[in-house]
>>> print(open('protein.tsv').read())   # TSV, C-alpha atoms
chain	number	residue	atom	x	y	z
R	15	MET	CA	-48.66	-163.92	-134.18
R	16	THR	CA	-47.87	-167.25	-135.81
R	17	GLY	CA	-44.58	-168.76	-136.90
R	18	ARG	CA	-41.42	-168.62	-134.79
R	19	GLY	CA	-42.50	-166.10	-132.18
R	20	ARG	CA	-40.22	-165.45	-129.24
R	21	GLY	CA	-42.39	-167.41	-126.86
R	22	ARG	CA	-42.35	-170.69	-128.78
R	23	PRO	CA	-39.62	-173.04	-127.58
R	24	ARG	CA	-37.79	-174.99	-130.24
R	25	LEU	CA	-36.56	-178.46	-129.46
R	26	VAL	CA	-32.90	-179.28	-129.10
R	27	ASP	CA	-30.84	-178.56	-132.14
R	28	GLU	CA	-27.09	-178.39	-132.39
R	29	SER	CA	-26.67	-175.09	-134.21
R	30	GLY	CA	-24.41	-172.50	-132.62
R	31	GLY	CA	-27.23	-170.00	-133.02
R	32	ASN	CA	-29.07	-171.41	-130.04
R	33	ARG	CA	-26.07	-171.04	-127.80
R	34	ALA	CA	-25.64	-167.41	-128.82
R	35	ALA	CA	-29.36	-166.76	-128.42
R	36	ILE	CA	-29.27	-168.16	-124.89
R	37	VAL	CA	-26.31	-165.96	-123.90
R	38	ALA	CA	-27.94	-162.86	-125.44
R	39	SER	CA	-31.26	-163.55	-123.71
R	40	ALA	CA	-29.59	-164.20	-120.37
R	41	ARG	CA	-27.66	-160.95	-120.70
R	42	GLU	CA	-30.82	-158.95	-121.34
R	43	LEU	CA	-32.83	-160.55	-118.54
R	44	PHE	CA	-30.04	-160.38	-115.94
R	45	SER	CA	-29.61	-156.73	-116.82
R	46	ASP	CA	-33.35	-155.91	-116.73
R	47	HIS	CA	-34.43	-157.93	-113.71
R	48	GLY	CA	-31.28	-158.94	-111.85
R	49	PHE	CA	-29.72	-162.35	-111.52
R	50	ASP	CA	-31.88	-163.63	-108.68
R	51	ARG	CA	-35.18	-162.84	-110.34
R	52	THR	CA	-34.25	-164.33	-113.70
R	53	THR	CA	-35.22	-167.97	-114.16
R	54	MET	CA	-33.82	-170.50	-116.60
R	55	ARG	CA	-37.38	-170.86	-117.87
R	56	ALA	CA	-37.59	-167.14	-118.71
R	57	ILE	CA	-34.23	-167.26	-120.48
R	58	GLY	CA	-35.38	-170.26	-122.50
R	59	LYS	CA	-38.61	-168.53	-123.42
R	60	ARG	CA	-36.88	-165.38	-124.58
R	61	ALA	CA	-34.27	-167.31	-126.55
R	62	GLY	CA	-36.96	-169.55	-128.04
R	63	VAL	CA	-35.35	-172.76	-126.80
R	64	ASP	CA	-36.20	-175.51	-124.35
R	65	PRO	CA	-34.73	-174.74	-120.88
R	66	ALA	CA	-33.18	-178.21	-120.91
R	67	LEU	CA	-30.94	-176.98	-123.70
R	68	ILE	CA	-29.56	-174.28	-121.38
R	69	HIS	CA	-28.56	-176.89	-118.82
R	70	HIS	CA	-27.07	-178.93	-121.64
R	71	TYR	CA	-24.86	-176.08	-122.81
R	72	PHE	CA	-24.00	-174.28	-119.57
R	73	GLY	CA	-24.75	-176.48	-116.57
R	74	THR	CA	-25.60	-173.91	-113.92
R	75	LYS	CA	-27.07	-170.43	-113.87
R	76	ASP	CA	-23.78	-169.19	-112.32
R	77	ALA	CA	-21.82	-170.47	-115.29
R	78	LEU	CA	-24.27	-168.93	-117.72
R	79	LEU	CA	-23.97	-165.64	-115.88
R	80	VAL	CA	-20.20	-165.56	-116.20
R	81	GLU	CA	-20.48	-166.41	-119.89
R	82	ALA	CA	-23.06	-163.67	-120.39
R	83	LEU	CA	-21.09	-161.01	-118.53
R	84	ARG	CA	-17.55	-161.69	-119.71
R	85	PRO	CA	-16.58	-158.47	-121.45
R	86	GLU	CA	-15.47	-158.75	-125.04
R	87	ILE	CA	-12.04	-157.19	-125.08
R	88	ASP	CA	-9.33	-158.03	-127.57
R	89	VAL	CA	-6.45	-157.58	-125.12
R	90	GLU	CA	-3.76	-158.15	-127.74
R	91	ALA	CA	-5.15	-155.42	-129.96
R	92	VAL	CA	-5.98	-152.88	-127.24
R	93	PHE	CA	-2.55	-153.08	-125.63
R	94	ALA	CA	-0.36	-153.78	-128.68
R	95	GLY	CA	3.02	-152.09	-128.31
R	96	VAL	CA	2.32	-150.88	-124.77
R	97	ASP	CA	5.63	-152.36	-123.63
R	98	ALA	CA	7.63	-150.52	-126.29
R	99	VAL	CA	7.12	-146.97	-125.02
R	100	HIS	CA	9.10	-145.04	-122.43
R	101	SER	CA	6.56	-145.58	-119.63
R	102	PRO	CA	4.41	-148.66	-120.22
R	103	GLY	CA	2.53	-147.86	-116.98
R	104	ILE	CA	1.30	-144.54	-118.33
R	105	GLU	CA	0.51	-145.96	-121.77
R	106	PHE	CA	-1.36	-148.89	-120.20
R	107	VAL	CA	-3.60	-146.58	-118.15
R	108	ARG	CA	-4.24	-144.37	-121.19
R	109	ARG	CA	-5.28	-147.34	-123.36
R	110	LEU	CA	-7.33	-148.94	-120.59
R	111	VAL	CA	-9.33	-145.81	-119.77
R	112	GLY	CA	-9.70	-145.17	-123.50
R	113	PHE	CA	-11.16	-148.66	-123.90
R	114	TRP	CA	-13.61	-148.15	-121.03
R	115	GLU	CA	-14.71	-144.83	-122.49
R	116	GLY	CA	-15.36	-146.32	-125.89
R	117	HIS	CA	-17.12	-149.46	-124.67
R	118	PRO	CA	-19.92	-148.66	-122.23
R	119	GLU	CA	-21.39	-152.13	-122.74
R	120	ALA	CA	-18.20	-153.89	-121.65
R	121	ARG	CA	-18.13	-151.56	-118.65
R	122	ALA	CA	-21.70	-152.38	-117.74
R	123	ARG	CA	-20.84	-156.07	-117.85
R	124	VAL	CA	-17.89	-155.67	-115.51
R	125	ILE	CA	-20.08	-153.72	-113.10
R	126	ALA	CA	-22.75	-156.43	-113.24
R	127	LEU	CA	-20.06	-159.07	-112.69
R	128	MET	CA	-18.69	-157.15	-109.72
R	129	LYS	CA	-22.14	-157.00	-108.19
R	130	VAL	CA	-22.52	-160.77	-108.15
R	131	ALA	CA	-18.86	-161.25	-107.25
R	132	THR	CA	-19.58	-159.59	-103.90
R	133	THR	CA	-21.75	-162.53	-102.91
R	134	ARG	CA	-20.55	-165.51	-104.94
R	135	ASP	CA	-17.02	-166.84	-104.58
R	136	GLU	CA	-17.17	-168.67	-107.92
R	137	ILE	CA	-17.93	-165.45	-109.73
R	138	ALA	CA	-15.21	-163.66	-107.79
R	139	ALA	CA	-12.74	-166.32	-108.94
R	140	GLU	CA	-13.78	-165.85	-112.58
R	141	MET	CA	-13.46	-162.11	-112.20
R	142	ARG	CA	-10.01	-162.47	-110.66
R	143	GLU	CA	-8.79	-164.58	-113.57
R	144	PHE	CA	-10.25	-162.14	-116.06
R	145	GLN	CA	-8.78	-159.03	-114.41
R	146	LEU	CA	-5.34	-160.47	-113.71
R	147	GLY	CA	-5.38	-161.95	-117.21
R	148	VAL	CA	-5.72	-158.50	-118.75
R	149	VAL	CA	-2.83	-157.16	-116.65
R	150	ARG	CA	-0.61	-160.17	-117.37
R	151	SER	CA	-1.27	-160.20	-121.11
R	152	ALA	CA	-0.66	-156.49	-121.49
R	153	LEU	CA	2.37	-156.15	-119.24
R	154	SER	CA	4.16	-159.46	-118.90
R	155	ARG	CA	7.08	-158.26	-121.02
R	156	VAL	CA	7.54	-155.23	-118.78
R	157	VAL	CA	7.95	-157.12	-115.52
R	158	THR	CA	11.28	-158.87	-115.22
R	159	ASP	CA	10.91	-160.32	-111.71
R	160	ASP	CA	11.08	-164.03	-111.05
R	161	ASP	CA	7.77	-163.75	-109.18
R	162	PRO	CA	5.68	-161.06	-110.82
R	163	GLU	CA	2.34	-161.91	-109.21
R	164	LEU	CA	2.67	-159.34	-106.43
R	165	ARG	CA	3.37	-156.65	-109.04
R	166	TYR	CA	0.34	-157.64	-111.14
R	167	GLY	CA	-1.79	-157.68	-107.98
R	168	LEU	CA	-0.66	-154.18	-107.00
R	169	VAL	CA	-1.39	-152.91	-110.51
R	170	ALA	CA	-4.86	-154.45	-110.19
R	171	THR	CA	-5.55	-152.61	-106.89
R	172	GLN	CA	-4.80	-149.31	-108.62
R	173	ILE	CA	-6.50	-149.72	-111.99
R	174	PHE	CA	-9.66	-151.46	-110.80
R	175	GLY	CA	-9.87	-149.02	-107.90
R	176	LEU	CA	-9.74	-146.33	-110.55
R	177	ALA	CA	-12.62	-148.01	-112.41
R	178	LEU	CA	-14.57	-148.35	-109.16
R	179	MET	CA	-14.26	-144.65	-108.29
R	180	ARG	CA	-14.87	-143.46	-111.85
R	181	TYR	CA	-17.81	-145.62	-112.88
R	182	ILE	CA	-19.54	-146.92	-109.74
R	183	VAL	CA	-18.82	-144.60	-106.80
R	184	LYS	CA	-18.47	-141.64	-109.20
R	185	VAL	CA	-16.07	-139.39	-107.34
R	186	PRO	CA	-16.37	-136.13	-109.32
R	187	ALA	CA	-12.63	-135.39	-109.73
R	188	ILE	CA	-12.03	-138.93	-110.99
R	189	ARG	CA	-15.23	-139.24	-113.02
R	190	ASP	CA	-14.58	-136.01	-114.92
R	191	ALA	CA	-10.90	-136.48	-115.77
R	192	THR	CA	-9.89	-137.45	-119.32
R	193	ALA	CA	-7.99	-140.62	-120.24
R	194	ASP	CA	-4.84	-138.53	-120.78
R	195	GLU	CA	-5.19	-136.83	-117.42
R	196	LEU	CA	-5.71	-140.12	-115.61
R	197	ALA	CA	-2.76	-141.64	-117.46
R	198	ALA	CA	-0.57	-138.78	-116.21
R	199	LEU	CA	-1.94	-139.01	-112.65
R	200	VAL	CA	-2.14	-142.76	-112.13
R	201	GLY	CA	0.22	-144.11	-114.80
R	202	PRO	CA	3.42	-143.36	-112.84
R	203	VAL	CA	2.04	-145.36	-109.92
R	204	VAL	CA	1.38	-148.32	-112.21
R	205	GLN	CA	4.89	-147.96	-113.61
R	206	GLY	CA	6.29	-147.98	-110.09
R	207	TYR	CA	4.41	-151.18	-109.29
R	208	LEU	CA	5.73	-152.78	-112.48
R	209	THR	CA	9.41	-151.93	-112.26
R	210	GLY	CA	10.09	-149.86	-109.13
R	211	PRO	CA	11.35	-151.03	-105.73
R	212	LEU	CA	8.59	-152.72	-103.74
R	213	GLY	CA	7.91	-152.02	-100.09
R	214	ALA	CA	10.74	-149.54	-99.82
R	215	PRO	CA	10.76	-147.51	-96.64
R	216	ALA	CA	9.01	-144.17	-96.90
R	217	ALA	CA	11.16	-142.18	-99.24
R	218	ARG	CA	10.62	-138.45	-99.27
R	219	ARG	CA	8.32	-137.99	-102.25
L	11	MET	CA	-45.20	-169.98	-77.91
L	12	THR	CA	-46.99	-167.19	-76.05
L	13	GLY	CA	-45.77	-163.79	-74.86
L	14	ARG	CA	-43.68	-161.49	-77.04
L	15	GLY	CA	-42.67	-163.93	-79.75
L	16	ARG	CA	-40.78	-162.62	-82.74
L	17	GLY	CA	-43.78	-162.85	-84.99
L	18	ARG	CA	-46.13	-160.67	-82.94
L	19	PRO	CA	-46.09	-157.04	-84.09
L	20	ARG	CA	-46.23	-154.40	-81.41
L	21	LEU	CA	-48.10	-151.21	-82.14
L	22	VAL	CA	-46.32	-147.90	-82.60
L	23	ASP	CA	-44.32	-146.76	-79.64
L	24	GLU	CA	-41.76	-144.01	-79.52
L	25	SER	CA	-38.94	-145.80	-77.72
L	26	GLY	CA	-35.55	-145.79	-79.44
L	27	GLY	CA	-35.48	-149.55	-78.99
L	28	ASN	CA	-37.84	-150.05	-81.90
L	29	ARG	CA	-35.66	-148.05	-84.23
L	30	ALA	CA	-32.59	-150.08	-83.29
L	31	ALA	CA	-34.56	-153.33	-83.59
L	32	ILE	CA	-35.66	-152.38	-87.11
L	33	VAL	CA	-32.10	-151.59	-88.21
L	34	ALA	CA	-30.79	-154.82	-86.68
L	35	SER	CA	-33.51	-156.91	-88.31
L	36	ALA	CA	-33.01	-155.24	-91.68
L	37	ARG	CA	-29.29	-155.91	-91.44
L	38	GLU	CA	-29.84	-159.60	-90.77
L	39	LEU	CA	-32.44	-160.09	-93.48
L	40	PHE	CA	-30.57	-158.13	-96.16
L	41	SER	CA	-27.52	-160.20	-95.35
L	42	ASP	CA	-29.33	-163.55	-95.37
L	43	HIS	CA	-31.66	-163.08	-98.30
L	44	GLY	CA	-30.43	-160.06	-100.25
L	45	PHE	CA	-32.00	-156.64	-100.55
L	46	ASP	CA	-34.47	-157.46	-103.30
L	47	ARG	CA	-35.98	-160.44	-101.58
L	48	THR	CA	-36.39	-158.73	-98.22
L	49	THR	CA	-39.76	-157.08	-97.67
L	50	MET	CA	-40.67	-154.34	-95.22
L	51	ARG	CA	-43.24	-156.78	-93.86
L	52	ALA	CA	-40.53	-159.38	-93.10
L	53	ILE	CA	-38.37	-156.75	-91.40
L	54	GLY	CA	-41.34	-155.63	-89.30
L	55	LYS	CA	-42.13	-159.20	-88.33
L	56	ARG	CA	-38.57	-159.94	-87.25
L	57	ALA	CA	-38.26	-156.68	-85.32
L	58	GLY	CA	-41.65	-157.26	-83.73
L	59	VAL	CA	-43.06	-153.96	-84.96
L	60	ASP	CA	-45.78	-152.81	-87.32
L	61	PRO	CA	-44.34	-152.23	-90.84
L	62	ALA	CA	-45.96	-148.78	-90.79
L	63	LEU	CA	-43.46	-147.88	-88.09
L	64	ILE	CA	-40.59	-148.62	-90.49
L	65	HIS	CA	-41.99	-146.18	-93.03
L	66	HIS	CA	-42.48	-143.70	-90.22
L	67	TYR	CA	-38.83	-143.89	-89.14
L	68	PHE	CA	-37.02	-144.44	-92.45
L	69	GLY	CA	-39.28	-143.58	-95.38
L	70	THR	CA	-37.96	-145.92	-98.08
L	71	LYS	CA	-36.29	-149.32	-98.14
L	72	ASP	CA	-33.24	-147.67	-99.80
L	73	ALA	CA	-32.83	-145.31	-96.87
L	74	LEU	CA	-33.20	-148.15	-94.39
L	75	LEU	CA	-30.57	-150.11	-96.29
L	76	VAL	CA	-28.03	-147.32	-96.08
L	77	GLU	CA	-28.73	-146.93	-92.37
L	78	ALA	CA	-28.36	-150.67	-91.85
L	79	LEU	CA	-25.12	-150.97	-93.80
L	80	ARG	CA	-23.26	-147.84	-92.74
L	81	PRO	CA	-20.14	-149.25	-91.08
L	82	GLU	CA	-19.51	-148.16	-87.53
L	83	ILE	CA	-16.06	-146.65	-87.62
L	84	ASP	CA	-14.81	-144.00	-85.21
L	85	VAL	CA	-12.65	-142.21	-87.76
L	86	GLU	CA	-11.20	-139.78	-85.21
L	87	ALA	CA	-10.01	-142.60	-83.00
L	88	VAL	CA	-8.75	-144.95	-85.72
L	89	PHE	CA	-6.67	-142.28	-87.43
L	90	ALA	CA	-5.67	-140.13	-84.45
L	91	GLY	CA	-2.17	-138.72	-84.97
L	92	VAL	CA	-1.85	-140.11	-88.49
L	93	ASP	CA	-0.77	-136.67	-89.71
L	94	ALA	CA	2.00	-136.36	-87.14
L	95	VAL	CA	4.28	-139.12	-88.41
L	96	HIS	CA	6.95	-138.97	-91.10
L	97	SER	CA	4.79	-140.55	-93.82
L	98	PRO	CA	1.07	-140.09	-93.13
L	99	GLY	CA	0.32	-142.08	-96.31
L	100	ILE	CA	2.03	-145.18	-94.98
L	101	GLU	CA	0.55	-144.77	-91.49
L	102	PHE	CA	-2.91	-144.25	-92.97
L	103	VAL	CA	-2.74	-147.49	-94.97
L	104	ARG	CA	-1.43	-149.39	-91.94
L	105	ARG	CA	-4.27	-148.17	-89.71
L	106	LEU	CA	-6.91	-148.69	-92.38
L	107	VAL	CA	-5.92	-152.27	-93.18
L	108	GLY	CA	-5.56	-152.91	-89.44
L	109	PHE	CA	-9.12	-151.68	-88.95
L	110	TRP	CA	-10.46	-153.89	-91.76
L	111	GLU	CA	-8.67	-156.89	-90.32
L	112	GLY	CA	-10.11	-156.35	-86.85
L	113	HIS	CA	-13.67	-155.60	-87.98
L	114	PRO	CA	-15.01	-158.25	-90.33
L	115	GLU	CA	-18.56	-157.03	-89.73
L	116	ALA	CA	-17.78	-153.49	-90.89
L	117	ARG	CA	-16.09	-155.03	-93.92
L	118	ALA	CA	-19.11	-157.16	-94.69
L	119	ARG	CA	-21.29	-154.06	-94.58
L	120	VAL	CA	-19.09	-152.16	-97.00
L	121	ILE	CA	-19.17	-155.13	-99.36
L	122	ALA	CA	-22.96	-155.31	-99.10
L	123	LEU	CA	-23.17	-151.56	-99.70
L	124	MET	CA	-20.93	-151.88	-102.73
L	125	LYS	CA	-23.15	-154.58	-104.15
L	126	VAL	CA	-26.23	-152.36	-104.14
L	127	ALA	CA	-24.19	-149.31	-105.15
L	128	THR	CA	-23.52	-151.01	-108.50
L	129	THR	CA	-27.20	-150.70	-109.37
L	130	ARG	CA	-28.57	-147.78	-107.34
L	131	ASP	CA	-27.24	-144.28	-107.80
L	132	GLU	CA	-28.59	-143.12	-104.44
L	133	ILE	CA	-26.63	-145.80	-102.63
L	134	ALA	CA	-23.54	-144.99	-104.69
L	135	ALA	CA	-23.87	-141.35	-103.59
L	136	GLU	CA	-24.09	-142.39	-99.92
L	137	MET	CA	-21.08	-144.65	-100.37
L	138	ARG	CA	-19.13	-141.84	-102.02
L	139	GLU	CA	-19.79	-139.48	-99.12
L	140	PHE	CA	-18.86	-142.15	-96.61
L	141	GLN	CA	-15.62	-143.15	-98.35
L	142	LEU	CA	-14.43	-139.64	-99.13
L	143	GLY	CA	-15.45	-138.62	-95.62
L	144	VAL	CA	-13.05	-141.16	-94.12
L	145	VAL	CA	-10.21	-139.91	-96.34
L	146	ARG	CA	-10.96	-136.25	-95.65
L	147	SER	CA	-11.29	-136.67	-91.88
L	148	ALA	CA	-8.11	-138.67	-91.58
L	149	LEU	CA	-5.92	-136.67	-93.95
L	150	SER	CA	-7.21	-133.12	-94.29
L	151	ARG	CA	-4.31	-131.70	-92.28
L	152	VAL	CA	-1.82	-133.41	-94.56
L	153	VAL	CA	-3.07	-131.90	-97.81
L	154	THR	CA	-2.16	-128.24	-98.19
L	155	ASP	CA	-3.60	-127.60	-101.66
L	156	ASP	CA	-6.29	-125.05	-102.28
L	157	ASP	CA	-8.32	-127.72	-104.05
L	158	PRO	CA	-7.65	-131.05	-102.37
L	159	GLU	CA	-10.57	-133.01	-103.87
L	160	LEU	CA	-8.50	-134.50	-106.70
L	161	ARG	CA	-5.95	-135.73	-104.15
L	162	TYR	CA	-8.63	-137.30	-101.95
L	163	GLY	CA	-10.16	-138.91	-105.02
L	164	LEU	CA	-6.83	-140.41	-106.10
L	165	VAL	CA	-6.26	-141.75	-102.58
L	166	ALA	CA	-9.72	-143.33	-102.77
L	167	THR	CA	-8.90	-145.10	-106.06
L	168	GLN	CA	-5.88	-146.71	-104.42
L	169	ILE	CA	-7.21	-147.65	-100.98
L	170	PHE	CA	-10.64	-148.88	-102.05
L	171	GLY	CA	-9.05	-150.70	-104.97
L	172	LEU	CA	-6.88	-152.37	-102.37
L	173	ALA	CA	-9.97	-153.37	-100.38
L	174	LEU	CA	-11.63	-154.65	-103.57
L	175	MET	CA	-8.69	-156.88	-104.50
L	176	ARG	CA	-8.07	-158.07	-100.93
L	177	TYR	CA	-11.61	-158.83	-99.78
L	178	ILE	CA	-13.82	-159.31	-102.84
L	179	VAL	CA	-11.73	-160.35	-105.83
L	180	LYS	CA	-9.19	-162.01	-103.49
L	181	VAL	CA	-5.99	-161.75	-105.47
L	182	PRO	CA	-3.67	-164.11	-103.53
L	183	ALA	CA	-0.64	-161.78	-103.25
L	184	ILE	CA	-2.85	-158.97	-101.96
L	185	ARG	CA	-5.13	-161.13	-99.83
L	186	ASP	CA	-2.23	-162.77	-98.00
L	187	ALA	CA	-0.11	-159.68	-97.26
L	188	THR	CA	-0.06	-158.24	-93.73
L	189	ALA	CA	-1.13	-154.71	-92.82
L	190	ASP	CA	2.53	-153.71	-92.40
L	191	GLU	CA	3.46	-155.16	-95.78
L	192	LEU	CA	0.59	-153.39	-97.51
L	193	ALA	CA	1.48	-150.15	-95.73
L	194	ALA	CA	5.03	-150.43	-97.10
L	195	LEU	CA	3.84	-151.36	-100.62
L	196	VAL	CA	0.89	-149.03	-101.08
L	197	GLY	CA	1.53	-146.33	-98.47
L	198	PRO	CA	4.15	-144.45	-100.53
L	199	VAL	CA	1.64	-144.21	-103.39
L	200	VAL	CA	-0.94	-142.70	-101.04
L	201	GLN	CA	1.71	-140.29	-99.74
L	202	GLY	CA	2.51	-139.28	-103.32
L	203	TYR	CA	-1.16	-138.58	-104.02
L	204	LEU	CA	-1.38	-136.47	-100.85
L	205	THR	CA	1.69	-134.29	-101.19
L	206	GLY	CA	3.61	-135.19	-104.37
L	207	PRO	CA	3.45	-133.54	-107.77
L	208	LEU	CA	0.29	-134.51	-109.67
L	209	GLY	CA	0.25	-135.54	-113.29
L	210	ALA	CA	4.00	-135.14	-113.60
L	211	PRO	CA	5.52	-136.55	-116.77
L	212	ALA	CA	6.79	-140.10	-116.41
L	213	ALA	CA	9.69	-139.78	-114.08
L	214	ARG	CA	12.05	-142.71	-113.94
L	215	ARG	CA	10.91	-144.56	-110.84
>>> encode(input="protein.tsv", output="structure tokens")
Amino acid sequence: MTGRGRGRPRLVDESGGNRAAIVASARELFSDHGFDRTTMRAIGKRAGVDPALIHHYFGTKDALLVEALRPEIDVEAVFAGVDAVHSPGIEFVRRLVGFWEGHPEARARVIALMKVATTRDEIAAEMREFQLGVVRSALSRVVTDDDPELRYGLVATQIFGLALMRYIVKVPAIRDATADELAALVGPVVQGYLTGPLGAPAARR
Amino acid sequence: MTGRGRGRPRLVDESGGNRAAIVASARELFSDHGFDRTTMRAIGKRAGVDPALIHHYFGTKDALLVEALRPEIDVEAVFAGVDAVHSPGIEFVRRLVGFWEGHPEARARVIALMKVATTRDEIAAEMREFQLGVVRSALSRVVTDDDPELRYGLVATQIFGLALMRYIVKVPAIRDATADELAALVGPVVQGYLTGPLGAPAARR
């Protein structure tokens, strides 16, 4: 039990390794014990760094949390060419659900972020920018309005409501559907929000 | 500081007042300090009852939490006649958003429930039954399928996604819209999920 054991804080050094170690340790501890019960001291101990270094890099525990929970998604790659197909709305839902299915860790981070977002406005703001950012990046070439923000917001209500019911509330019919099935069911709605008439009177549908 | 101060536990009595006092105290403490940091002892102290009485009435802290956070909504009254109008989907969204707007406390409870649902499957199951129950009660006469659960589930993705973006994530375009505007924007989608074709190929919309 000698040498650089986990419990032995190193002093400040400027290598990027410390920063990554802090984020990884914070992620593990937040996940295991919850945000409230995780101290900066415990994160420092696990990462093998002085807690002062955490403050130096991240400032607050809130900021460290957002850094730790931001899902790693390469939006450009996941949604490449989504605007070139007949129905970008359907293709977008198919790719998005496909990404969630293949990346349980990213999903777990979004769920953890949502949990804290319910009580902390700063986290909610970060989450908002992240979620709208995904929609904007993937679909900005599809929306031709002068003011597309209402359309992006409506898309967000549908796709993150889908995530909520599939992964948190776990409604059986939604939880058990495949990415293709959900694309066919929900994709046309997303397409309507992107390019259809908005707030039209109740058409017979 | 004599008499029946808040801090002086009463012994077991069978009046319904104690039960209500426990639920009210739990609600306040969960809200102020969070679920994890609220002890049965603190709830008992605030309610002025012996903590053993809480176990007697509710069993676990989880069960007490669900009881404390279940929103009080008279579904029959709020959605009376919703199935008798031209577009029940639009009317349903209008009434639902109207209810949320007029009942910030019920909203706060759903948000609190959602927060714990992200980490506790039992709470998620309670939330699922509550949310689907609202949809079923309000709209069961509108859906004429043999197997309506997929339709109810799709409605849930849209309306609770709307709540998520309006009240938690706070997307400006969704947060600032009126109940009538949201009914016009989102109601036709709900109507489509209730009575339209499901999983149809991408129609031009």
>>> residues_near_point(input="protein.tsv", point="(-6.6, -154.4, -89.2)", cutoff="6 Å", atoms="only C-alpha atoms", output="ChimeraX atom specification")
/L:107-112
>>> write_last_selection(input="protein.tsv", atoms="C-alpha atoms", output="PDB file, in the coordinates of the input")
ATOM      1  CA  VAL L 107      -5.920-152.270 -93.180  1.00  0.00           C
ATOM      2  CA  GLY L 108      -5.560-152.910 -89.440  1.00  0.00           C
ATOM      3  CA  PHE L 109      -9.120-151.680 -88.950  1.00  0.00           C
ATOM      4  CA  TRP L 110     -10.460-153.890 -91.760  1.00  0.00           C
ATOM      5  CA  GLU L 111      -8.670-156.890 -90.320  1.00  0.00           C
ATOM      6  CA  GLY L 112     -10.110-156.350 -86.850  1.00  0.00           C
TER       7      GLY L 112
END
>>> closest_residue(input="protein.tsv", among="L:Leu106, L:Leu195, L:Ala62, L:Leu208", to="Pro158 (chain L)", atoms="only C-alpha atoms")
L:Leu208
>>> atom_distance(input="protein.tsv", atom1="CA of Ala34 (chain L)", atom2="CA of Ala116 (chain L)")
13.7 Å
>>> residues_around(input="protein.tsv", residues="region 177-182 of chain L", least_positions_apart="4", cutoff="9 Å", atoms="only C-alpha atoms", output="list of chain:residue names")
R:Met128, R:Ala131, R:Thr132, R:Thr133, R:Asp135, R:Ile137, R:Ala138, R:Ala139, R:Glu140, R:Met141, R:Arg142, R:Leu146, R:Glu163, R:Leu164, R:Gly167, R:Ala170, L:Arg117, L:Ile121, L:Leu172, L:Ala173, L:Asp186, L:Ala187
>>> closest_residue(input="protein.tsv", among="R:Val80, R:Leu196, R:Leu67, R:Val149", to="chain L", atoms="all atoms listed in the file")
R:Leu196
>>> atom_distance(input="protein.tsv", atom1="CA of Ile68 (chain R)", atom2="CA of Asp46 (chain L)")
25.2 Å
>>> closest_residue(input="protein.tsv", among="L:Ser35, L:Ser147, L:Gln168, L:Asn28", to="Val204 (chain R)", atoms="all atoms listed in the file")
L:Gln168
>>> closest_residue(input="protein.tsv", among="L:Val59, L:Ile83, L:Val126, L:Val165", to="Pro198 (chain L)", atoms="all atoms listed in the file")
L:Val165
>>> residues_around(input="protein.tsv", residues="Val203 (chain R)", least_positions_apart="4", cutoff="10 Å", atoms="only C-alpha atoms", output="list in words")
Gly103, Ile104, Leu168, Val169, Gln172, Ile173, Ala197, Ala198, Leu199, Tyr207, Leu208 and Gly210 of chain R; Gln168, Val196, Pro198, Val199, Val200, Gly202, Tyr203, Ala212 and Arg215 of chain L
>>> closest_residue(input="protein.tsv", among="L:Glu115, L:Glu191, L:Asp42, L:Asp60", to="chain R", atoms="only C-alpha atoms")
L:Glu191
>>> atom_distance(input="protein.tsv", atom1="CA of Phe89 (chain L)", atom2="CA of Ala148 (chain L)")
5.7 Å
>>> residues_around(input="protein.tsv", residues="Arg37 (chain L)", least_positions_apart="6", cutoff="8 Å", atoms="all atoms listed in the file", output="mmCIF file with C-alpha atoms, keeping the file's coordinate frame")
data_model
loop_
_atom_site.group_PDB
_atom_site.id
_atom_site.type_symbol
_atom_site.label_atom_id
_atom_site.label_comp_id
_atom_site.auth_asym_id
_atom_site.auth_seq_id
_atom_site.Cartn_x
_atom_site.Cartn_y
_atom_site.Cartn_z
ATOM 1 C CA LEU L 75 -30.570 -150.110 -96.290
ATOM 2 C CA ALA L 78 -28.360 -150.670 -91.850
ATOM 3 C CA LEU L 79 -25.120 -150.970 -93.800
#
>>> axis_aligned_box(input="protein.tsv", around="region 86-96 of chain R", padding_each_side="8 Å", output="AutoDock Vina command-line options")
--center_x -6.2 --center_y -154.8 --center_z -127.4 --size_x 34.5 --size_y 23.9 --size_z 21.2
>>> closest_residue(input="protein.tsv", among="R:His47, R:Arg84, R:His117, R:Arg55", to="chain L", atoms="only C-alpha atoms")
R:His47
>>> residues_around(input="protein.tsv", residues="Asp93 (chain L)", least_positions_apart="2", cutoff="8 Å", atoms="all atoms listed in the file", output="PyMOL selection string")
chain L and resi 90-91+95+97-98+148-149+151-152
